[in-house]
>>> print(open('start-v1.cif').read())   # mmCIF, C-alpha atoms
data_model
#
loop_
_atom_site.label_atom_id
_atom_site.label_comp_id
_atom_site.auth_asym_id
_atom_site.auth_seq_id
_atom_site.Cartn_x
_atom_site.Cartn_y
_atom_site.Cartn_z
CA MET A 1 0.00 0.00 0.00
CA MET A 2 1.38 3.37 -0.95
CA VAL A 3 0.81 6.39 1.31
CA GLN A 4 -0.07 9.63 -0.42
CA PRO A 5 2.27 12.59 0.37
CA MET A 6 -0.47 14.57 2.20
CA THR A 7 -1.47 11.53 4.28
CA LYS A 8 2.18 10.90 5.08
CA ASN A 9 2.59 14.48 6.37
CA ILE A 10 -0.51 14.17 8.57
CA LEU A 11 0.72 10.83 9.88
CA MET A 12 4.10 12.37 10.76
CA LEU A 13 2.38 15.31 12.47
CA VAL A 14 0.21 13.00 14.60
CA LEU A 15 3.22 10.83 15.50
CA GLY A 16 5.23 13.92 16.44
CA ALA A 17 2.39 15.21 18.65
CA LEU A 18 2.16 11.87 20.44
CA LEU A 19 5.89 11.76 21.06
CA TRP A 20 5.89 15.40 22.25
CA SER A 21 3.06 14.80 24.76
CA GLY A 22 4.71 11.61 25.99
CA ALA A 23 7.96 13.47 26.59
CA SER A 24 6.22 16.11 28.72
CA LEU A 25 4.48 13.45 30.81
CA ALA A 26 7.78 11.70 31.41
CA ALA A 27 9.62 14.86 32.47
CA PRO A 28 11.12 14.75 35.97
CA LEU A 29 9.31 16.62 38.74
CA LEU A 30 12.54 18.22 40.02
CA PRO A 31 16.16 18.45 38.84
CA SER A 32 17.17 16.17 41.75
CA GLN A 33 15.04 13.38 40.28
CA GLU A 34 17.35 11.16 38.24
CA LYS A 35 14.63 9.28 36.35
CA PRO A 36 11.21 10.70 35.44
CA ASN A 37 9.17 7.95 37.08
CA ALA A 38 11.49 7.16 40.00
CA PHE A 39 10.66 8.86 43.29
CA ASP A 40 13.09 8.79 46.19
CA VAL A 41 14.19 10.81 49.23
CA ARG A 42 16.21 13.20 47.02
CA ILE A 43 12.95 14.90 46.06
CA CYS A 44 12.26 15.55 49.77
CA ARG A 45 15.82 16.83 50.28
CA ASP A 46 15.89 18.98 47.15
CA ARG A 47 17.30 22.43 48.02
CA LEU A 48 14.63 24.21 45.94
CA VAL A 49 11.87 22.46 47.88
CA LEU A 50 13.45 23.06 51.29
CA PHE A 51 14.16 26.73 50.55
CA ALA A 52 10.57 27.17 49.33
CA ILE A 53 9.27 25.76 52.64
CA LYS A 54 11.71 27.82 54.73
CA ASN A 55 11.03 31.08 52.87
CA ALA A 56 7.26 30.61 53.16
CA ALA A 57 7.55 29.75 56.86
CA ASP A 58 9.80 32.77 57.55
CA LYS A 59 7.31 35.12 55.84
CA LEU A 60 4.18 33.61 57.42
CA LEU A 61 5.61 33.45 60.93
CA LYS A 62 7.57 36.72 60.58
CA THR A 63 10.68 35.16 62.07
CA LYS A 64 13.68 33.07 61.05
CA THR A 65 12.74 29.40 61.16
CA ILE A 66 15.07 26.45 61.61
CA LEU A 67 14.47 23.61 59.20
CA ALA A 68 15.92 20.09 59.57
CA LYS A 69 18.07 21.03 62.58
CA GLY A 70 19.97 23.54 60.43
CA SER A 71 20.72 27.18 61.10
CA PRO A 72 18.37 30.19 60.78
CA ASP A 73 20.10 31.22 57.52
CA GLY A 74 19.04 27.94 55.88
CA SER A 75 22.40 26.17 55.91
CA GLY A 76 23.50 22.98 57.64
CA TRP A 77 20.39 20.90 57.15
CA ASP A 78 20.58 17.42 58.67
CA PRO A 79 19.59 15.00 55.86
CA GLU A 80 18.64 12.38 58.46
CA ASP A 81 15.86 14.72 59.66
CA ILE A 82 14.23 14.82 56.19
CA HIS A 83 12.15 11.71 55.52
CA LEU A 84 10.31 10.23 52.55
CA GLU A 85 7.00 9.02 53.99
CA SER A 86 5.16 7.75 50.91
CA VAL A 87 4.71 8.11 47.15
CA SER A 88 1.52 8.43 45.13
CA VAL A 89 2.16 6.97 41.69
CA GLU A 90 -1.31 8.07 40.50
CA THR A 91 -0.62 11.77 41.20
CA ASN A 92 3.20 11.77 40.89
CA ALA A 93 3.35 13.27 44.39
CA VAL A 94 5.78 12.57 47.21
CA LEU A 95 4.85 12.82 50.90
CA CYS A 96 7.79 13.94 53.06
CA SER A 97 8.37 15.15 56.62
CA VAL A 98 10.86 17.45 58.35
CA THR A 99 11.33 19.13 61.71
CA ILE A 100 10.79 22.89 61.83
CA SER A 101 11.37 25.25 64.76
CA ALA A 102 10.11 28.79 65.24
CA ASN A 103 8.88 30.97 68.10
CA GLU A 104 10.02 28.37 70.69
CA VAL A 105 7.87 25.67 69.03
CA THR A 106 9.37 22.61 67.33
CA GLU A 107 7.21 20.20 65.38
CA ARG A 108 7.46 17.71 62.57
CA ILE A 109 5.56 18.86 59.51
CA VAL A 110 4.47 16.76 56.57
CA TYR A 111 4.80 18.28 53.12
CA ILE A 112 3.71 17.10 49.70
CA VAL A 113 5.80 17.72 46.60
CA GLY A 114 3.78 17.31 43.45
CA PRO A 115 3.33 18.52 39.88
CA ASP A 116 1.72 21.86 39.05
CA PRO A 117 0.16 22.53 35.63
CA ASP A 118 1.53 26.09 35.44
CA TYR A 119 4.88 25.55 37.16
CA SER A 120 6.95 22.41 37.24
CA TRP A 121 6.15 21.60 40.89
CA LEU A 122 4.49 22.79 44.09
CA VAL A 123 4.72 22.09 47.82
CA LYS A 124 1.78 21.78 50.22
CA PHE A 125 2.16 21.75 53.99
CA GLY A 126 0.27 22.62 57.18
CA GLY A 127 -3.43 22.29 57.84
CA GLU A 128 -4.77 18.80 57.25
CA HIS A 129 -1.52 17.48 55.75
CA GLY A 130 0.19 15.17 58.18
CA SER A 131 -0.38 12.57 60.81
CA GLY A 132 -3.63 12.77 62.73
CA GLY A 133 -5.24 15.08 60.17
CA GLY A 134 -3.62 18.34 61.19
CA GLY A 135 -3.07 19.76 64.63
CA HIS A 136 -0.09 21.81 63.49
CA LYS A 137 0.79 24.55 65.98
CA LEU A 138 2.91 26.54 63.54
CA PHE A 139 0.77 26.09 60.42
CA PRO A 140 -2.89 25.41 61.28
CA GLN A 141 -3.96 26.39 57.74
CA SER A 142 -2.91 24.60 54.55
CA ILE A 143 -0.16 26.40 52.62
CA ILE A 144 0.74 25.97 48.94
CA VAL A 145 4.15 27.15 47.71
CA ARG A 146 5.21 27.28 44.08
CA PRO A 147 8.69 27.97 42.71
CA THR A 148 9.55 31.59 42.09
CA GLY A 149 9.81 32.81 38.54
CA PRO A 150 7.40 32.87 35.63
CA PRO A 151 5.08 29.93 34.95
CA ARG A 152 6.23 27.55 32.25
#
>>> encode(input="start-v1.cif", output="structure tokens")
Amino acid sequence: MMVQPMTKNILMLVLGALLWSGASLAAPLLPSQEKPNAFDVRICRDRLVLFAIKNAADKLLKTKTILAKGSPDGSGWDPEDIHLESVSVETNAVLCSVTISANEVTERIVYIVGPDPDYSWLVKFGGEHGSGGGGHKLFPQSIIVRPTGPPR
């Protein structure tokens, strides 16, 4: 069977569109993610994610917070204090936890790192996220943080 030139061009266009959409679905969530569909503790320990949490916490609480037993300037994080709790393959989200201290209160918060349609990723913490369905002293309301910069 011979394919007409116009049909061949349409076929190539459709194939290209399928490959393009498959490539965007397979893109890694964060630069620290080595393989697009492999989720590990490096996503929880990603500096972009941790700085996003710390910056949001500093602004909301109007004080310097200490994340992962580090220093108030955001350096010296203890990687052993940053845990991968679970992974949702259906939503490509990772559930992590870390200790945060501010205003003489120290608690372990749970945060979710997941995809965002306008940005590459987002972080949710506080409110109902975590063990026991909330009860956070520092963050009683749910907070969503996106990377700085223009949407993609």
>>> residues_near_point(input="start-v1.cif", point="(16.3, 18.0, 57.2)", cutoff="9 Å", atoms="only C-alpha atoms", output="PDB file with C-alpha atoms, keeping the file's coordinate frame")
ATOM      1  CA  CYS A  44      12.260  15.550  49.770  1.00  0.00           C
ATOM      2  CA  ARG A  45      15.820  16.830  50.280  1.00  0.00           C
ATOM      3  CA  LEU A  50      13.450  23.060  51.290  1.00  0.00           C
ATOM      4  CA  LEU A  67      14.470  23.610  59.200  1.00  0.00           C
ATOM      5  CA  ALA A  68      15.920  20.090  59.570  1.00  0.00           C
ATOM      6  CA  LYS A  69      18.070  21.030  62.580  1.00  0.00           C
ATOM      7  CA  GLY A  70      19.970  23.540  60.430  1.00  0.00           C
ATOM      8  CA  GLY A  76      23.500  22.980  57.640  1.00  0.00           C
ATOM      9  CA  TRP A  77      20.390  20.900  57.150  1.00  0.00           C
ATOM     10  CA  ASP A  78      20.580  17.420  58.670  1.00  0.00           C
ATOM     11  CA  PRO A  79      19.590  15.000  55.860  1.00  0.00           C
ATOM     12  CA  GLU A  80      18.640  12.380  58.460  1.00  0.00           C
ATOM     13  CA  ASP A  81      15.860  14.720  59.660  1.00  0.00           C
ATOM     14  CA  ILE A  82      14.230  14.820  56.190  1.00  0.00           C
ATOM     15  CA  HIS A  83      12.150  11.710  55.520  1.00  0.00           C
ATOM     16  CA  SER A  97       8.370  15.150  56.620  1.00  0.00           C
ATOM     17  CA  VAL A  98      10.860  17.450  58.350  1.00  0.00           C
ATOM     18  CA  THR A  99      11.330  19.130  61.710  1.00  0.00           C
ATOM     19  CA  ILE A 100      10.790  22.890  61.830  1.00  0.00           C
TER      20      ILE A 100
END
>>> resolve_selection(input="start-v1.cif", expression="the PyMOL selection byres ((chain A and resi 114) around 8)", output="compact mmCIF listing (two decimals) with C-alpha atoms, keeping the file's coordinate frame")
# COMPACT_ATOMS: atom_id res chain seq x y z
CA LEU A 29 9.31 16.62 38.74
CA THR A 91 -0.62 11.77 41.20
CA ASN A 92 3.20 11.77 40.89
CA ALA A 93 3.35 13.27 44.39
CA VAL A 94 5.78 12.57 47.21
CA ILE A 112 3.71 17.10 49.70
CA VAL A 113 5.80 17.72 46.60
CA PRO A 115 3.33 18.52 39.88
CA ASP A 116 1.72 21.86 39.05
CA TRP A 121 6.15 21.60 40.89
CA LEU A 122 4.49 22.79 44.09
CA VAL A 123 4.72 22.09 47.82
>>> residues_near_point(input="start-v1.cif", point="(8.3, 29.1, 45.8)", cutoff="12 Å", atoms="all atoms listed in the file", output="mmCIF file with C-alpha atoms, keeping the file's coordinate frame")
data_model
loop_
_atom_site.group_PDB
_atom_site.id
_atom_site.type_symbol
_atom_site.label_atom_id
_atom_site.label_comp_id
_atom_site.auth_asym_id
_atom_site.auth_seq_id
_atom_site.Cartn_x
_atom_site.Cartn_y
_atom_site.Cartn_z
ATOM 1 C CA ARG A 47 17.300 22.430 48.020
ATOM 2 C CA LEU A 48 14.630 24.210 45.940
ATOM 3 C CA VAL A 49 11.870 22.460 47.880
ATOM 4 C CA LEU A 50 13.450 23.060 51.290
ATOM 5 C CA PHE A 51 14.160 26.730 50.550
ATOM 6 C CA ALA A 52 10.570 27.170 49.330
ATOM 7 C CA ILE A 53 9.270 25.760 52.640
ATOM 8 C CA LYS A 54 11.710 27.820 54.730
ATOM 9 C CA ASN A 55 11.030 31.080 52.870
ATOM 10 C CA ALA A 56 7.260 30.610 53.160
ATOM 11 C CA ALA A 57 7.550 29.750 56.860
ATOM 12 C CA LYS A 59 7.310 35.120 55.840
ATOM 13 C CA VAL A 113 5.800 17.720 46.600
ATOM 14 C CA ASP A 116 1.720 21.860 39.050
ATOM 15 C CA TYR A 119 4.880 25.550 37.160
ATOM 16 C CA SER A 120 6.950 22.410 37.240
ATOM 17 C CA TRP A 121 6.150 21.600 40.890
ATOM 18 C CA LEU A 122 4.490 22.790 44.090
ATOM 19 C CA VAL A 123 4.720 22.090 47.820
ATOM 20 C CA LYS A 124 1.780 21.780 50.220
ATOM 21 C CA ILE A 143 -0.160 26.400 52.620
ATOM 22 C CA ILE A 144 0.740 25.970 48.940
ATOM 23 C CA VAL A 145 4.150 27.150 47.710
ATOM 24 C CA ARG A 146 5.210 27.280 44.080
ATOM 25 C CA PRO A 147 8.690 27.970 42.710
ATOM 26 C CA THR A 148 9.550 31.590 42.090
ATOM 27 C CA GLY A 149 9.810 32.810 38.540
ATOM 28 C CA PRO A 150 7.400 32.870 35.630
ATOM 29 C CA PRO A 151 5.080 29.930 34.950
#
>>> atom_distance(input="start-v1.cif", atom1="atom CA of Pro140 of chain A", atom2="atom CA of Ile66 of chain A")
18.0 Å
>>> residues_around(input="start-v1.cif", residues="Lys137 of chain A", least_positions_apart="2", cutoff="10 Å", atoms="only C-alpha atoms", output="list in words")
Val105, Thr106, Glu107, Ile109, Gly126, Gly127, Gly134, Gly135, Phe139, Pro140 and Gln141 of chain A
>>> write_last_selection(input="start-v1.cif", atoms="C-alpha atoms", output="mmCIF file, keeping the file's coordinate frame")
data_model
loop_
_atom_site.group_PDB
_atom_site.id
_atom_site.type_symbol
_atom_site.label_atom_id
_atom_site.label_comp_id
_atom_site.auth_asym_id
_atom_site.auth_seq_id
_atom_site.Cartn_x
_atom_site.Cartn_y
_atom_site.Cartn_z
ATOM 1 C CA VAL A 105 7.870 25.670 69.030
ATOM 2 C CA THR A 106 9.370 22.610 67.330
ATOM 3 C CA GLU A 107 7.210 20.200 65.380
ATOM 4 C CA ILE A 109 5.560 18.860 59.510
ATOM 5 C CA GLY A 126 0.270 22.620 57.180
ATOM 6 C CA GLY A 127 -3.430 22.290 57.840
ATOM 7 C CA GLY A 134 -3.620 18.340 61.190
ATOM 8 C CA GLY A 135 -3.070 19.760 64.630
ATOM 9 C CA PHE A 139 0.770 26.090 60.420
ATOM 10 C CA PRO A 140 -2.890 25.410 61.280
ATOM 11 C CA GLN A 141 -3.960 26.390 57.740
#
>>> axis_aligned_box(input="start-v1.cif", around="segment 43-58 of chain A", padding_each_side="8 Å", output="AutoDock Vina command-line options")
--center_x 12.3 --center_y 23.8 --center_z 51.7 --size_x 26.0 --size_y 33.9 --size_z 27.6
>>> atom_distance(input="start-v1.cif", atom1="atom CA of Asp46 of chain A", atom2="atom CA of Leu61 of chain A")
22.5 Å
>>> closest_residue(input="start-v1.cif", among="A:Ser88, A:Gln33, A:Ser71, A:Thr65", to="Glu104 of chain A", atoms="all atoms listed in the file")
A:Thr65
>>> closest_residue(input="start-v1.cif", among="A:Pro36, A:Ile43, A:Thr63, A:Leu84", to="Asn103 of chain A", atoms="all atoms listed in the file")
A:Thr63
>>> atom_distance(input="start-v1.cif", atom1="atom CA of Leu30 of chain A", atom2="atom CA of His136 of chain A")
26.9 Å
>>> closest_residue(input="start-v1.cif", among="A:Leu138, A:Val89, A:Ala102, A:Cys96", to="Asn37 of chain A", atoms="all atoms listed in the file")
A:Val89
>>> decode(input="start-v1.cif", residues="segment 70-118 of chain A", atoms="N, CA and C atoms", output="PDB file, in the first residue's frame")
ATOM      1  N   GLY A  70      18.938  22.695  61.029  1.00  0.00           N
ATOM      2  CA  GLY A  70      19.975  23.544  60.426  1.00  0.00           C
ATOM      3  C   GLY A  70      20.108  24.846  61.178  1.00  0.00           C
ATOM      4  N   SER A  71      20.563  25.864  60.485  1.00  0.00           N
ATOM      5  CA  SER A  71      20.719  27.178  61.099  1.00  0.00           C
ATOM      6  C   SER A  71      19.640  28.117  60.554  1.00  0.00           C
ATOM      7  N   PRO A  72      19.412  29.252  61.236  1.00  0.00           N
ATOM      8  CA  PRO A  72      18.375  30.186  60.776  1.00  0.00           C
ATOM      9  C   PRO A  72      18.607  30.752  59.369  1.00  0.00           C
ATOM     10  N   ASP A  73      19.854  30.709  58.874  1.00  0.00           N
ATOM     11  CA  ASP A  73      20.103  31.221  57.520  1.00  0.00           C
ATOM     12  C   ASP A  73      19.802  30.175  56.438  1.00  0.00           C
ATOM     13  N   GLY A  74      19.412  28.972  56.844  1.00  0.00           N
ATOM     14  CA  GLY A  74      19.041  27.938  55.885  1.00  0.00           C
ATOM     15  C   GLY A  74      20.167  27.000  55.520  1.00  0.00           C
ATOM     16  N   SER A  75      21.281  27.073  56.206  1.00  0.00           N
ATOM     17  CA  SER A  75      22.398  26.170  55.914  1.00  0.00           C
ATOM     18  C   SER A  75      22.474  25.074  56.969  1.00  0.00           C
ATOM     19  N   GLY A  76      23.241  24.046  56.672  1.00  0.00           N
ATOM     20  CA  GLY A  76      23.503  22.981  57.635  1.00  0.00           C
ATOM     21  C   GLY A  76      22.354  22.043  57.921  1.00  0.00           C
ATOM     22  N   TRP A  77      21.492  21.817  56.937  1.00  0.00           N
ATOM     23  CA  TRP A  77      20.385  20.902  57.150  1.00  0.00           C
ATOM     24  C   TRP A  77      20.894  19.495  57.423  1.00  0.00           C
ATOM     25  N   ASP A  78      20.242  18.802  58.351  1.00  0.00           N
ATOM     26  CA  ASP A  78      20.578  17.419  58.667  1.00  0.00           C
ATOM     27  C   ASP A  78      19.733  16.513  57.764  1.00  0.00           C
ATOM     28  N   PRO A  79      20.366  15.836  56.783  1.00  0.00           N
ATOM     29  CA  PRO A  79      19.586  14.999  55.864  1.00  0.00           C
ATOM     30  C   PRO A  79      18.833  13.869  56.563  1.00  0.00           C
ATOM     31  N   GLU A  80      19.317  13.449  57.728  1.00  0.00           N
ATOM     32  CA  GLU A  80      18.637  12.378  58.461  1.00  0.00           C
ATOM     33  C   GLU A  80      17.316  12.850  59.078  1.00  0.00           C
ATOM     34  N   ASP A  81      17.088  14.174  59.108  1.00  0.00           N
ATOM     35  CA  ASP A  81      15.856  14.721  59.656  1.00  0.00           C
ATOM     36  C   ASP A  81      14.790  14.921  58.568  1.00  0.00           C
ATOM     37  N   ILE A  82      15.137  14.641  57.324  1.00  0.00           N
ATOM     38  CA  ILE A  82      14.230  14.824  56.192  1.00  0.00           C
ATOM     39  C   ILE A  82      13.849  13.439  55.681  1.00  0.00           C
ATOM     40  N   HIS A  83      12.577  13.079  55.824  1.00  0.00           N
ATOM     41  CA  HIS A  83      12.148  11.710  55.518  1.00  0.00           C
ATOM     42  C   HIS A  83      11.185  11.650  54.345  1.00  0.00           C
ATOM     43  N   LEU A  84      11.304  10.598  53.556  1.00  0.00           N
ATOM     44  CA  LEU A  84      10.307  10.233  52.552  1.00  0.00           C
ATOM     45  C   LEU A  84       9.301   9.345  53.271  1.00  0.00           C
ATOM     46  N   GLU A  85       8.040   9.776  53.288  1.00  0.00           N
ATOM     47  CA  GLU A  85       7.003   9.019  53.990  1.00  0.00           C
ATOM     48  C   GLU A  85       6.257   8.079  53.049  1.00  0.00           C
ATOM     49  N   SER A  86       5.861   8.591  51.882  1.00  0.00           N
ATOM     50  CA  SER A  86       5.161   7.747  50.910  1.00  0.00           C
ATOM     51  C   SER A  86       5.170   8.418  49.545  1.00  0.00           C
ATOM     52  N   VAL A  87       4.761   7.637  48.538  1.00  0.00           N
ATOM     53  CA  VAL A  87       4.710   8.108  47.153  1.00  0.00           C
ATOM     54  C   VAL A  87       3.348   7.752  46.578  1.00  0.00           C
ATOM     55  N   SER A  88       2.757   8.690  45.854  1.00  0.00           N
ATOM     56  CA  SER A  88       1.519   8.426  45.132  1.00  0.00           C
ATOM     57  C   SER A  88       1.860   8.356  43.649  1.00  0.00           C
ATOM     58  N   VAL A  89       1.838   7.163  43.101  1.00  0.00           N
ATOM     59  CA  VAL A  89       2.157   6.973  41.687  1.00  0.00           C
ATOM     60  C   VAL A  89       1.059   7.576  40.813  1.00  0.00           C
ATOM     61  N   GLU A  90      -0.197   7.530  41.282  1.00  0.00           N
ATOM     62  CA  GLU A  90      -1.313   8.069  40.501  1.00  0.00           C
ATOM     63  C   GLU A  90      -1.182   9.574  40.285  1.00  0.00           C
ATOM     64  N   THR A  91      -0.695  10.312  41.300  1.00  0.00           N
ATOM     65  CA  THR A  91      -0.621  11.772  41.199  1.00  0.00           C
ATOM     66  C   THR A  91       0.807  12.286  41.026  1.00  0.00           C
ATOM     67  N   ASN A  92       1.785  11.384  40.971  1.00  0.00           N
ATOM     68  CA  ASN A  92       3.197  11.769  40.891  1.00  0.00           C
ATOM     69  C   ASN A  92       3.587  12.697  42.031  1.00  0.00           C
ATOM     70  N   ALA A  93       3.058  12.448  43.216  1.00  0.00           N
ATOM     71  CA  ALA A  93       3.351  13.268  44.388  1.00  0.00           C
ATOM     72  C   ALA A  93       4.134  12.462  45.415  1.00  0.00           C
ATOM     73  N   VAL A  94       4.946  13.179  46.182  1.00  0.00           N
ATOM     74  CA  VAL A  94       5.776  12.570  47.211  1.00  0.00           C
ATOM     75  C   VAL A  94       5.402  13.200  48.550  1.00  0.00           C
ATOM     76  N   LEU A  95       5.171  12.366  49.560  1.00  0.00           N
ATOM     77  CA  LEU A  95       4.846  12.821  50.905  1.00  0.00           C
ATOM     78  C   LEU A  95       6.113  12.722  51.748  1.00  0.00           C
ATOM     79  N   CYS A  96       6.545  13.866  52.297  1.00  0.00           N
ATOM     80  CA  CYS A  96       7.789  13.944  53.063  1.00  0.00           C
ATOM     81  C   CYS A  96       7.517  14.559  54.431  1.00  0.00           C
ATOM     82  N   SER A  97       8.503  14.474  55.327  1.00  0.00           N
ATOM     83  CA  SER A  97       8.375  15.145  56.615  1.00  0.00           C
ATOM     84  C   SER A  97       9.724  15.712  57.038  1.00  0.00           C
ATOM     85  N   VAL A  98       9.662  16.772  57.861  1.00  0.00           N
ATOM     86  CA  VAL A  98      10.863  17.451  58.347  1.00  0.00           C
ATOM     87  C   VAL A  98      10.520  18.160  59.650  1.00  0.00           C
ATOM     88  N   THR A  99      11.516  18.376  60.485  1.00  0.00           N
ATOM     89  CA  THR A  99      11.328  19.128  61.715  1.00  0.00           C
ATOM     90  C   THR A  99      11.545  20.610  61.430  1.00  0.00           C
ATOM     91  N   ILE A 100      10.655  21.446  61.974  1.00  0.00           N
ATOM     92  CA  ILE A 100      10.788  22.892  61.833  1.00  0.00           C
ATOM     93  C   ILE A 100      10.609  23.528  63.209  1.00  0.00           C
ATOM     94  N   SER A 101      11.429  24.540  63.484  1.00  0.00           N
ATOM     95  CA  SER A 101      11.367  25.246  64.764  1.00  0.00           C
ATOM     96  C   SER A 101      11.208  26.736  64.516  1.00  0.00           C
ATOM     97  N   ALA A 102      10.313  27.340  65.294  1.00  0.00           N
ATOM     98  CA  ALA A 102      10.111  28.788  65.239  1.00  0.00           C
ATOM     99  C   ALA A 102       9.331  29.210  66.476  1.00  0.00           C
ATOM    100  N   ASN A 103       9.622  30.408  66.965  1.00  0.00           N
ATOM    101  CA  ASN A 103       8.883  30.973  68.099  1.00  0.00           C
ATOM    102  C   ASN A 103       8.801  29.988  69.278  1.00  0.00           C
ATOM    103  N   GLU A 104       9.895  29.329  69.581  1.00  0.00           N
ATOM    104  CA  GLU A 104      10.016  28.371  70.687  1.00  0.00           C
ATOM    105  C   GLU A 104       9.102  27.154  70.544  1.00  0.00           C
ATOM    106  N   VAL A 105       8.676  26.864  69.321  1.00  0.00           N
ATOM    107  CA  VAL A 105       7.871  25.674  69.028  1.00  0.00           C
ATOM    108  C   VAL A 105       8.635  24.842  68.009  1.00  0.00           C
ATOM    109  N   THR A 106       8.758  23.538  68.282  1.00  0.00           N
ATOM    110  CA  THR A 106       9.370  22.611  67.334  1.00  0.00           C
ATOM    111  C   THR A 106       8.357  21.518  67.045  1.00  0.00           C
ATOM    112  N   GLU A 107       8.122  21.276  65.759  1.00  0.00           N
ATOM    113  CA  GLU A 107       7.210  20.198  65.379  1.00  0.00           C
ATOM    114  C   GLU A 107       7.647  19.589  64.061  1.00  0.00           C
ATOM    115  N   ARG A 108       7.191  18.397  63.832  1.00  0.00           N
ATOM    116  CA  ARG A 108       7.464  17.709  62.574  1.00  0.00           C
ATOM    117  C   ARG A 108       6.296  18.011  61.638  1.00  0.00           C
ATOM    118  N   ILE A 109       6.612  18.576  60.481  1.00  0.00           N
ATOM    119  CA  ILE A 109       5.560  18.857  59.510  1.00  0.00           C
ATOM    120  C   ILE A 109       5.660  17.867  58.355  1.00  0.00           C
ATOM    121  N   VAL A 110       4.532  17.598  57.760  1.00  0.00           N
ATOM    122  CA  VAL A 110       4.467  16.760  56.572  1.00  0.00           C
ATOM    123  C   VAL A 110       4.258  17.700  55.401  1.00  0.00           C
ATOM    124  N   TYR A 111       4.985  17.466  54.313  1.00  0.00           N
ATOM    125  CA  TYR A 111       4.803  18.275  53.119  1.00  0.00           C
ATOM    126  C   TYR A 111       4.705  17.373  51.902  1.00  0.00           C
ATOM    127  N   ILE A 112       3.939  17.850  50.923  1.00  0.00           N
ATOM    128  CA  ILE A 112       3.705  17.095  49.704  1.00  0.00           C
ATOM    129  C   ILE A 112       4.356  17.843  48.550  1.00  0.00           C
ATOM    130  N   VAL A 113       5.184  17.154  47.809  1.00  0.00           N
ATOM    131  CA  VAL A 113       5.797  17.716  46.599  1.00  0.00           C
ATOM    132  C   VAL A 113       5.105  17.048  45.424  1.00  0.00           C
ATOM    133  N   GLY A 114       4.504  17.867  44.572  1.00  0.00           N
ATOM    134  CA  GLY A 114       3.777  17.308  43.448  1.00  0.00           C
ATOM    135  C   GLY A 114       3.831  18.207  42.226  1.00  0.00           C
ATOM    136  N   PRO A 115       3.318  17.729  41.121  1.00  0.00           N
ATOM    137  CA  PRO A 115       3.330  18.516  39.881  1.00  0.00           C
ATOM    138  C   PRO A 115       2.331  19.660  39.936  1.00  0.00           C
ATOM    139  N   ASP A 116       2.604  20.703  39.178  1.00  0.00           N
ATOM    140  CA  ASP A 116       1.716  21.856  39.054  1.00  0.00           C
ATOM    141  C   ASP A 116       1.557  22.129  37.566  1.00  0.00           C
ATOM    142  N   PRO A 117       0.340  22.339  37.075  1.00  0.00           N
ATOM    143  CA  PRO A 117       0.159  22.528  35.634  1.00  0.00           C
ATOM    144  C   PRO A 117       0.813  23.800  35.087  1.00  0.00           C
ATOM    145  N   ASP A 118       0.944  24.833  35.909  1.00  0.00           N
ATOM    146  CA  ASP A 118       1.530  26.091  35.439  1.00  0.00           C
ATOM    147  C   ASP A 118       3.022  26.204  35.736  1.00  0.00           C
TER     148      ASP A 118
END
